[in-house]
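What follows is a single structure, written as structure tokens, with notes after it.
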Amino acid sequence: MKMKTSLYIFNKIQQCSYKKFIIPLFVIFVCVLVTMEMSTINYPILKDGMLDMKSNGYTPESVYNLLNSIGFPGRQVYSRFLIIDFIFIIIFMLLLSLVITFLIGKAGLGKRFNFIILLPFLRSVLDIIENCFILTILSNFPNKLTTIAAVSSLATVSKFVVLYAIIVVLVGLGVFISWKSLKLTNWRG
């Protein structure tokens with residue numbers, strides 16, 4: 001089942017893993033990033049304190065300290081930011097999946113590495129879980145939901161672990177493609 005699902009997803013993504021799809025998706029990705037940045041421009045405290053950007057996690061106490069310090073307007077901005085983040089999650093997932101699929105194709109690795117394209121989907125699921133928990137905390141503030149805050153932190157850390165794995169995959173594929181290209185050039189020449 002897992003292999004069939006992975007193969008199906010890989011085939012669908014492979015159909016779109018060309019520069020003509022990747023480049024426009026990258027432009028949309030940048031536009032969403034700019035929108036997200038603009039949504040928090042008047043709240044510099046959010047830039048340093050956003051829970052979903054703390055790769056080493058956070059404690060329930062630090063969650064409520066942040067929410068107290070940003071006040072009601074800051075909590076509203078943070079909620080809007082997280083709504084925009086859902087759009088980012090989908091675009092980032094698609095972009096990473098297309099790039100990984102493109103690189104797997106360039107590397108000539110074939111079907112045995114199809115499962116790698118599931119990493120962006122896993123990262124996205126963790127990000128969605130994290131956002132839902134943070135939104136739940138925000139909407140219930142000042143009530144303290146310490147268990148949800150702790151699980152949200154776990155989702156945040158897990159999201160970053162998967163993101164780092166994706167970065168390793170991207171770099172690894174890039175190095176492999178370069179090595180293969182150099183090897184082929186040296187063999188010919």
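A note on labels: chains of the structure tokens are A, B, ... as shown, every chain counts residues from 1, and ligands are counted from 1 in their shown order.
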Skipping near chain neighbours, those fewer than 6 positions away, what residues fall within 12 Å of stretch 82-89 of chain A using only C-alpha atoms, listed as a ChimeraX atom specification? /A:25-26,28-40,46,50-53,75-76,95-96,120-136,138,159
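Pairwise distance (atom CA of A:Asn56, atom CA of A:Ala149) equals 13.9 Å.
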Using only C-alpha atoms, the best pick from A:Val99, A:Ile23, A:Ala150, A:Ile117 as closest to A:Ser62 would be A:Ala150
For the interface of stretch 120-180 of chain A with stretch 107-115 of chain A (cut-off 8 Å, counting only C-alpha atoms), please tabulate each contacting residue of stretch 120-180 of chain A alongside its nearest pair of atoms and their separation in Å to one decimal, rows sorted by chain and increasing number, as a Markdown table.
```
| residue | atom | partner | partner_atom | distance |
| --- | --- | --- | --- | --- |
| A:Leu173 | CA | A:Ala107 | CA | 7.0 |
| A:Phe176 | CA | A:Ala107 | CA | 6.9 |
| A:Ile177 | CA | A:Ala107 | CA | 5.2 |
| A:Lys180 | CA | A:Ala107 | CA | 7.7 |
```
Would you put the residues from that selection into a file with N, CA and C atoms, as a CSV table (one decimal), in the first residue's frame?
```
chain,number,residue,atom,x,y,z
A,173,LEU,N,21.2,15.1,-3.5
A,173,LEU,CA,20.9,14.9,-4.9
A,173,LEU,C,21.7,15.9,-5.8
A,176,PHE,N,25.2,14.5,-6.0
A,176,PHE,CA,25.2,13.3,-6.8
A,176,PHE,C,25.1,13.6,-8.3
A,177,ILE,N,24.2,14.6,-8.7
A,177,ILE,CA,24.1,15.0,-10.1
A,177,ILE,C,25.3,15.6,-10.6
A,180,LYS,N,28.0,12.9,-10.9
A,180,LYS,CA,27.7,12.1,-12.1
A,180,LYS,C,28.0,12.8,-13.4
```
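The nearest approach to A:Leu67 among the residues A:Ser158, A:Ser181, A:Asn143, A:Thr101, with only C-alpha atoms taken into account, belongs to A:Asn143.
Taking atom CA of A:Leu154 as the reference point, atom CA of A:Ser55 is found at 9.8 Å.
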Going by DSSP on the backbone, which bits of stretch 41-114 of chain A are alpha helix (DSSP H)? Write them as a ChimeraX atom specification, please. /A:44-49,60-107
Put those residues in a file: N, CA and C atoms, as a compact mmCIF listing (two decimals), in the first residue's frame.
```
# COMPACT_ATOMS: atom_id res chain seq x y z
N PRO A 44 7.40 43.79 15.46
CA PRO A 44 8.73 43.18 15.40
C PRO A 44 8.95 42.08 16.44
N ILE A 45 8.22 42.15 17.56
CA ILE A 45 8.36 41.11 18.59
C ILE A 45 7.97 39.74 18.03
N LEU A 46 7.05 39.73 17.07
CA LEU A 46 6.63 38.46 16.49
C LEU A 46 7.75 37.83 15.65
N LYS A 47 8.55 38.64 15.02
CA LYS A 47 9.63 38.11 14.17
C LYS A 47 10.58 37.23 14.98
N ASP A 48 10.90 37.64 16.20
CA ASP A 48 11.81 36.87 17.04
C ASP A 48 11.08 35.82 17.87
N GLY A 49 9.80 36.03 18.09
CA GLY A 49 9.11 35.17 19.03
C GLY A 49 8.12 34.18 18.45
N PRO A 60 5.46 25.48 27.52
CA PRO A 60 4.16 26.14 27.71
C PRO A 60 4.31 27.51 28.37
N GLU A 61 5.24 27.62 29.31
CA GLU A 61 5.45 28.91 29.98
C GLU A 61 5.91 29.98 28.99
N SER A 62 6.82 29.63 28.08
CA SER A 62 7.30 30.62 27.11
C SER A 62 6.20 31.00 26.12
N VAL A 63 5.29 30.06 25.83
CA VAL A 63 4.15 30.35 24.95
C VAL A 63 3.31 31.46 25.56
N TYR A 64 2.96 31.30 26.83
CA TYR A 64 2.07 32.27 27.47
C TYR A 64 2.78 33.58 27.80
N ASN A 65 4.08 33.52 28.02
CA ASN A 65 4.84 34.77 28.18
C ASN A 65 4.80 35.57 26.88
N LEU A 66 5.00 34.89 25.74
CA LEU A 66 4.94 35.56 24.44
C LEU A 66 3.56 36.15 24.20
N LEU A 67 2.52 35.35 24.42
CA LEU A 67 1.16 35.82 24.15
C LEU A 67 0.77 36.99 25.05
N ASN A 68 1.25 36.99 26.28
CA ASN A 68 1.02 38.15 27.16
C ASN A 68 1.76 39.37 26.64
N SER A 69 3.00 39.18 26.21
CA SER A 69 3.83 40.33 25.81
C SER A 69 3.35 40.98 24.52
N ILE A 70 2.75 40.23 23.61
CA ILE A 70 2.32 40.82 22.34
C ILE A 70 0.94 41.48 22.44
N GLY A 71 0.22 41.18 23.50
CA GLY A 71 -1.09 41.81 23.71
C GLY A 71 -2.14 41.33 22.71
N PHE A 72 -3.34 41.87 22.87
CA PHE A 72 -4.46 41.46 22.01
C PHE A 72 -4.20 41.74 20.52
N PRO A 73 -3.72 42.95 20.16
CA PRO A 73 -3.47 43.21 18.73
C PRO A 73 -2.41 42.25 18.15
N GLY A 74 -1.37 41.95 18.91
CA GLY A 74 -0.34 41.04 18.45
C GLY A 74 -0.87 39.63 18.26
N ARG A 75 -1.77 39.21 19.16
CA ARG A 75 -2.37 37.87 19.03
C ARG A 75 -3.26 37.81 17.79
N GLN A 76 -3.95 38.89 17.47
CA GLN A 76 -4.77 38.93 16.25
C GLN A 76 -3.89 38.84 15.01
N VAL A 77 -2.79 39.58 15.01
CA VAL A 77 -1.85 39.55 13.88
C VAL A 77 -1.27 38.14 13.73
N TYR A 78 -0.91 37.54 14.85
CA TYR A 78 -0.34 36.19 14.81
C TYR A 78 -1.35 35.19 14.24
N SER A 79 -2.60 35.33 14.63
CA SER A 79 -3.65 34.44 14.10
C SER A 79 -3.79 34.61 12.59
N ARG A 80 -3.79 35.85 12.11
CA ARG A 80 -3.88 36.10 10.66
C ARG A 80 -2.66 35.54 9.95
N PHE A 81 -1.50 35.70 10.57
CA PHE A 81 -0.27 35.17 9.99
C PHE A 81 -0.37 33.65 9.82
N LEU A 82 -0.91 32.98 10.82
CA LEU A 82 -1.02 31.52 10.75
C LEU A 82 -2.01 31.09 9.67
N ILE A 83 -3.03 31.89 9.42
CA ILE A 83 -3.97 31.58 8.34
C ILE A 83 -3.25 31.67 7.00
N ILE A 84 -2.46 32.72 6.82
CA ILE A 84 -1.67 32.86 5.59
C ILE A 84 -0.66 31.70 5.50
N ASP A 85 -0.16 31.27 6.65
CA ASP A 85 0.83 30.19 6.69
C ASP A 85 0.27 28.90 6.10
N PHE A 86 -1.03 28.68 6.19
CA PHE A 86 -1.62 27.48 5.58
C PHE A 86 -1.41 27.49 4.07
N ILE A 87 -1.50 28.66 3.46
CA ILE A 87 -1.24 28.77 2.02
C ILE A 87 0.23 28.47 1.75
N PHE A 88 1.11 29.04 2.58
CA PHE A 88 2.54 28.80 2.45
C PHE A 88 2.84 27.30 2.54
N ILE A 89 2.23 26.62 3.48
CA ILE A 89 2.49 25.19 3.70
C ILE A 89 2.23 24.41 2.41
N ILE A 90 1.10 24.66 1.77
CA ILE A 90 0.74 23.93 0.55
C ILE A 90 1.71 24.26 -0.58
N ILE A 91 2.01 25.54 -0.76
CA ILE A 91 2.91 25.94 -1.85
C ILE A 91 4.32 25.39 -1.61
N PHE A 92 4.79 25.48 -0.38
CA PHE A 92 6.13 24.98 -0.05
C PHE A 92 6.20 23.47 -0.27
N MET A 93 5.16 22.76 0.13
CA MET A 93 5.11 21.30 -0.07
C MET A 93 5.19 20.97 -1.55
N LEU A 94 4.37 21.64 -2.36
CA LEU A 94 4.38 21.38 -3.80
C LEU A 94 5.73 21.71 -4.41
N LEU A 95 6.29 22.85 -4.04
CA LEU A 95 7.58 23.27 -4.59
C LEU A 95 8.68 22.26 -4.23
N LEU A 96 8.76 21.88 -2.96
CA LEU A 96 9.77 20.91 -2.55
C LEU A 96 9.57 19.57 -3.25
N SER A 97 8.33 19.12 -3.36
CA SER A 97 8.05 17.84 -4.02
C SER A 97 8.45 17.88 -5.48
N LEU A 98 8.14 18.97 -6.16
CA LEU A 98 8.50 19.10 -7.58
C LEU A 98 10.02 19.15 -7.76
N VAL A 99 10.69 19.89 -6.91
CA VAL A 99 12.15 20.00 -7.03
C VAL A 99 12.82 18.65 -6.74
N ILE A 100 12.38 17.97 -5.69
CA ILE A 100 12.95 16.66 -5.38
C ILE A 100 12.69 15.68 -6.52
N THR A 101 11.47 15.68 -7.05
CA THR A 101 11.14 14.79 -8.16
C THR A 101 11.99 15.11 -9.39
N PHE A 102 12.15 16.40 -9.67
CA PHE A 102 12.99 16.83 -10.79
C PHE A 102 14.42 16.34 -10.60
N LEU A 103 14.96 16.50 -9.39
CA LEU A 103 16.33 16.09 -9.12
C LEU A 103 16.50 14.57 -9.15
N ILE A 104 15.51 13.84 -8.67
CA ILE A 104 15.56 12.37 -8.75
C ILE A 104 15.61 11.94 -10.22
N GLY A 105 14.80 12.61 -11.04
CA GLY A 105 14.81 12.32 -12.48
C GLY A 105 16.15 12.65 -13.11
N LYS A 106 16.71 13.83 -12.76
CA LYS A 106 18.02 14.25 -13.29
C LYS A 106 19.12 13.28 -12.86
N ALA A 107 18.99 12.77 -11.65
CA ALA A 107 20.01 11.86 -11.12
C ALA A 107 19.86 10.46 -11.71
```
